[in-house]
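S.K.: I am attaching a structure below and will ask some questions about it afterwards.
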Amino acid sequence: MPQMGVSVAEGTVVQWRKQPGDWVQADETIAEVSTDKIDTEIPSPASGRVVEILVQVGVTVDVGVALARIATGAAAATAPVPAAAPAPATPGSSAKLASAPRPARPGASSQPRAAEPAPRSHGARLSPVVQRIAEEHGVDLDAIEGTGRDGRVRKQDIMAYVEAHGGARPPAGAGEPVLHSESPYRPGAGGSLAHGPYVPPEGRPLSRMRSLIGEHMHRSLQTAATCTTWIEVDMSRIEIARKQLAITALPLISRCVIHALVEFPHVNAWLQDDVHTIHEQVNLGIAVDLGDDGLIVPVVRGAQDLSPEGLSRRIRDLARRARARQLSPDDVRDGTFTITNPGQFGSLMATPVISLPQVAILDIEAIVKRPVVVTDQFGEDAIAIRPMVILGLSWDHRAIDGALAARFLANVKKRAESYEA
Amino acid sequence: MTEMTYLRAISDGLRTEMRSDERVLLMGEDIGVFGGAFKVTDGFFDEFGASRVMDTPLAESAIIGTAIGAAVVGMRPVCEMQFADFVACGFDQLVNTAAKMYYRQDLPVNITVRLPSGGGFSGGPFHSQNPESWFMHAPGVKVVAPSTAEDAKGLIIASMRDPNPVVYMEHKHLYRRVKGEVPEGSYETPFRARVAREGEDLVVIAYGAMVHTALEATADLAGASVMVLDLRSLKPLDEEAILGAVRHCSKVVIVDEANETCAAGAQVAALIAEHAFEDLDGPVVRVATPDCPIPFSPPLEAAVLPSVDRVREACRQLIEY
Amino acid sequence: MATSSTEVPSGPTAPAGPAHLTPGDRVGLLRAMLLMRAVEARAMNLYRQGKVPGSFYDGFGQEAVSVGAAWAMSAADRLCVLHRDLGAHLVRGVDPATILSQYMGREAGVTGGRDGNVHFGDRRTGCVGMTSMLPDMMLVATGMAMAFKLRGEARCALTWFGDGSTSRGDFHEAMNWAGVQRLPVIFVLENNQFAYSTPTHLQYAVDPIERAAGYGFPGVSVDGNDAEAVFEATREARERAIAGGGPTLIEAVTMRMHGHGAHDDMKYVPKALVEEWRKKDPIDRQSARVAALGHDVDALREEVRAQVEQATEVALAGPMPDPATATDRVFHPRDGEEILLEDGAAPWSGFGATS
């Protein structure tokens, strides 16, 4: 409803010149309205097809309220015509409604134009940096409130969202996909309420992928003498380095783990039947969640030679290819150690399953800000807020023992807590 | 450290280097006995004499051409064009003879050409220009443009020591209006950019007088935190600093006092569009003087030179985008 | 006319005598001119065979202007050499193989392929390479002379330039500056009658020689096809300059015997004019003098021919420049060594050289 006159606050629709399905040119009269100052014709603000009339004849609305929707551009050709049109006050227009829907313009697809970035529900454009951050953090842009012009999502908006969800560390590492969660404590898993006699629904066979994964897991638990040891790590320095290098925490922790593996090569080993192989090279497997299809563990070969930035790039690339189902068999072979990083949902600890024939696997859950005791150089204690994470190492007791596992974890902790970019 | 004007800092730099390097020779119109049209070389004649502070004929091509000759036999001439606008009369010698000599003949030409540039005081079309991009475009010439007193001294010294032809843009409007703490003795400012103010939400990239305009325009902008990047060196451009600032702030306004088409800012914008595309949260915005000669009458001149208000408005709109 | 005496009376009406030239010098002048002609003839050949890219310019018939003037320059003097002055490069010590490589754009050329044909100056011989904007080099030479005077050094600078270039502003600015500051610079105006297709009467209303006085220094006209006359005029000018007498404009009157470049058939030049000047060929004239000294000119020609053949072989064997280096060396690094012009060869006996 336009404002016609400084003091005008509302207006009434007197007549619709166009009906849903009609084409209207920009500046062509589309409706007549009446205010207490003036009766006037309203020119259409754009060329397109009328999609929906929102305010009926005889209804009074405030200035600024939308009166109708017009589809412009390619969408105009296929904008849906509502099946039930509101009863028109003026004769003659019903004939149009009764007619068959117009055929789509040749060549028009039902998808939005590819040239524009996929329009979100708030219809605003997404800038390159917002798209990049969204991809890196696996953020659903529809979930974000935009504070830019016309509701546009600005960089601040997505950064604030990322900060608020999962803390300063991006969920599952920025750029890496949501990683597999092997935690048996998945929300919704298990639990039961006692009701009356229970009639179970029809069961279905597991998908092939699921079966294969299940088989692998089961075999591992049956073969390896799996134990898990945990340690708590202060991630403050990793956080600082992460921001400086503009990467996520995962490649930085991985670097610490790789260094520790070089110092503790028994943890970077294979045990197949009785053959024990200690590896010098670190082929780091990173578990990648594939949603309903389960998980897969692509391997970064020769990870010991990569800088954190190099690791970050490789991990991102493998994850991308994994989700696009473009991994080759070589990409998933010969891992000597695996990291799983499912902390996105906030879980704290897990008992990961070792990927045979490796002898250990490291689980990294959520980074949570917690009050911790810090001691200064004078021996005085104080409480500080620190980003803490719990690292869980599942290890095969046939190949290593608890003391070694603990020392390995302590080594990773020390490196992470003293990390310098 | 001493507080001094931008103009005195330039003098200080020239004098410091002349005292320590007898090869330095100042050449220009009215710079000797008269001390220079803007008094940059006031007192130099008495200290160094006619053989080192040369009152030349009115001949820009000759000033630069003879400087080239002197340079290739071991002197370090510093040419003054009385107004930047007059460098057009010596354009050929600078971009054809000086600029290409090293590339073609392995003979470096260590000359410095000082250009008192810029408008804002009713100088009119021939005394207000900012012709730096003519020389950014000529391969073999470096271009620098200080905005502070400290950089004015450091950059003139660095320019004299650079073995290549260097065009030094000294902004006339800053001569006496900008003061700052300047270190004693000899020092060089590197041909790199400088962060004039840190910020997060948007970066204004500028140089010369426009740095001060940018600082004033963004001092208090609805609580937004605006970085100001002072380029200082136009050729070479500090690509690392520019791209780093854009990566950090994601929104950028580039201010040129020079005429818009192909001003230095156009090259900065192209650089950002190509190399920082994924860091952008909004279009690259430019504020520049339109493509017209700089008019003489105050309201006309004020209407074309980028004002504090114009810069502020551009920043405000981009922040909200 | 052949005589066995080397003594020739000199005076205002006598032909330029070799008062300051030993027999060795006179042979040297001829050798240099023969070399220039032979190198340019060979280069023209290579150009017609497609081995010289771009365009080709020569100074056929004008050899005396560059050789004669260069012969008077000391090792510490500095020269700005133009496109019809190849003889100056040869006198200063640039070897023919390097010159031919330069024409062919090879890596071994003086500029390593960065500039073409005669746009070169080997800084190790004290020569500054020309630009195409003429007479830019008049100002550069003036500047070098200015530095010498400021530093109190007994050396001078010399530049060549053509009749056409006197119409441009830089001619005036250089003449004026040199005159005002009384600089030790020698301006050698090669008046070869044509600037491309433009004859001198369309170039200026008053002969440049007559205008020199307007700038405060002498203008001298010499027979540009007499190497010994050119030498003598230059030698005198240099003496004056070193003694603090300021600049001299020497007009060397000659004729451009080939087109402006190899691409020009010079149809606009009256054939009679060309014939008239062919009779005054500088090499023929000097050959006569040298033969009169009892020197075997044919043997000299053969020597030069063999030298150029050898140089051609060397040049043809050289590689083209590496494309990857095309954008190198636009700027000299801050911490690079200082590079200046160096002294060139100075074969005149008057500098103690033995030819």
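FYI, nothing fancy with the structure tokens labels: chains A, B, ... in order, residues from 1 per chain, ligands from 1 as they appear.
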With 9 Å as the cut-off and only C-alpha atoms counted, what is the closest atom pair between each nearby residue of chain C and chain B? Distances in Å to one decimal, ordered by chain and number, as CSV.
M.R.:
residue,atom,partner,partner_atom,distance
C:Arg78,CA,B:Val73,CA,8.8
C:Val110,CA,B:Gln105,CA,7.6
C:Thr111,CA,B:Arg104,CA,5.5
C:Gly112,CA,B:Arg104,CA,8.0
C:Gly113,CA,B:Arg104,CA,8.3
C:Arg114,CA,B:Arg104,CA,5.3
C:Asp115,CA,B:Arg104,CA,5.9
C:His119,CA,B:Arg104,CA,8.7
C:Phe120,CA,B:Gln105,CA,6.9
C:Gly121,CA,B:Gln105,CA,6.6
C:Asp122,CA,B:Gln105,CA,7.1
C:Arg123,CA,B:Leu107,CA,7.0
C:Val128,CA,B:Gln105,CA,7.9
C:Gly129,CA,B:Gln105,CA,6.9
C:Met130,CA,B:Thr97,CA,8.1
C:Thr131,CA,B:Thr97,CA,6.2
C:Ser132,CA,B:Asn96,CA,8.4
C:Met133,CA,B:Asp92,CA,7.7
C:Asp136,CA,B:Gln93,CA,6.8
C:Met137,CA,B:Gly65,CA,7.8
C:Met138,CA,B:Gly65,CA,8.3
C:Leu139,CA,B:Gly65,CA,4.9
C:Val140,CA,B:Gly69,CA,4.1
C:Ala141,CA,B:Gly69,CA,5.9
C:Thr142,CA,B:Thr66,CA,5.7
C:Gly143,CA,B:Thr66,CA,3.5
C:Met144,CA,B:Gly69,CA,4.4
C:Ala145,CA,B:Ala70,CA,7.7
C:Met146,CA,B:Ala70,CA,6.9
C:Ala147,CA,B:Ala70,CA,5.2
C:Phe148,CA,B:Ala70,CA,8.3
C:Leu150,CA,B:Ser51,CA,6.1
C:Arg151,CA,B:Ser51,CA,8.8
C:Gly169,CA,B:Ser61,CA,8.5
C:Asp170,CA,B:Ser61,CA,6.8
C:Glu173,CA,B:Ala62,CA,5.8
C:Ala174,CA,B:Ala62,CA,6.5
C:Asn176,CA,B:Pro57,CA,8.2
C:Trp177,CA,B:Pro57,CA,6.8
C:Val180,CA,B:Pro57,CA,8.4
C:Thr327,CA,B:Tyr103,CA,8.9
C:Asp328,CA,B:Tyr103,CA,7.9
C:Arg329,CA,B:Tyr103,CA,5.6
C:Val330,CA,B:Tyr103,CA,5.2
C:Phe331,CA,B:Gly140,CA,6.0
C:His332,CA,B:Pro163,CA,6.3
C:Pro333,CA,B:Pro163,CA,7.4
C:Arg334,CA,B:Asp162,CA,5.6
C:Asp335,CA,B:Asp162,CA,8.8
C:Gly336,CA,B:Pro163,CA,8.4
C:Glu338,CA,B:Pro163,CA,7.9
C:Ile339,CA,B:Leu107,CA,6.3
C:Leu340,CA,B:Val72,CA,5.5
C:Leu341,CA,B:Val73,CA,6.1
C:Glu342,CA,B:Val73,CA,8.7
S.K.: Pull out every residue of chain B sitting within 7 Å of chain A, counting only C-alpha atoms, and send them as JSON, numbers by chain.
M.R.: {"B": [277, 278, 279, 280, 281, 282, 320, 321]}
S.K.: As a ChimeraX atom specification, list the residues of segment 105-224 of chain C assigned to alpha helix (DSSP H) by DSSP on the backbone atoms of this structure.
M.R.: /C:136-151,169-181,208-215
S.K.: What does the distance from atom CA of Met169 of chain B to atom CA of Ala258 of chain B come to in Å, to one decimal?
M.R.: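 Result for atom CA of Met169 of chain B versus atom CA of Ala258 of chain B: 11.9 Å, one decimal.
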S.K.: Name the residues of segment 118-323 of chain C that come out as strand (DSSP E) in a backbone DSSP run; write them as a ChimeraX atom specification.
M.R.: /C:127-128,157-162,185-191,194-195,198-199,219-223,248-253
S.K.: Would you kindly return, as number ranges by chain, each protein, DNA or RNA residue with an atom no farther than 8 Å from any atom of Ile383 of chain A, considering only C-alpha atoms and excluding same-chain residues fewer than 6 positions away?
M.R.: A: 371-374
S.K.: Using the selection just defined, write its residues with N, CA, C and O atoms as a PDB file, in the first residue's frame.
M.R.:
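And here's part14.pdb as it stands now:
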ATOM      1  N   PRO A 371      35.881 -23.475  33.123  1.00  0.00           N
ATOM      2  CA  PRO A 371      36.786 -22.865  34.113  1.00  0.00           C
ATOM      3  C   PRO A 371      37.837 -23.880  34.507  1.00  0.00           C
ATOM      4  O   PRO A 371      37.522 -25.034  34.813  1.00  0.00           O
ATOM      5  N   VAL A 372      39.086 -23.483  34.452  1.00  0.00           N
ATOM      6  CA  VAL A 372      40.156 -24.405  34.847  1.00  0.00           C
ATOM      7  C   VAL A 372      41.088 -23.687  35.812  1.00  0.00           C
ATOM      8  O   VAL A 372      41.108 -22.456  35.884  1.00  0.00           O
ATOM      9  N   VAL A 373      41.833 -24.484  36.539  1.00  0.00           N
ATOM     10  CA  VAL A 373      42.791 -23.914  37.480  1.00  0.00           C
ATOM     11  C   VAL A 373      44.095 -23.679  36.751  1.00  0.00           C
ATOM     12  O   VAL A 373      44.623 -24.588  36.113  1.00  0.00           O
ATOM     13  N   VAL A 374      44.600 -22.449  36.829  1.00  0.00           N
ATOM     14  CA  VAL A 374      45.912 -22.187  36.242  1.00  0.00           C
ATOM     15  C   VAL A 374      46.822 -21.701  37.352  1.00  0.00           C
ATOM     16  O   VAL A 374      46.388 -20.993  38.266  1.00  0.00           O
TER      17      VAL A 374
END
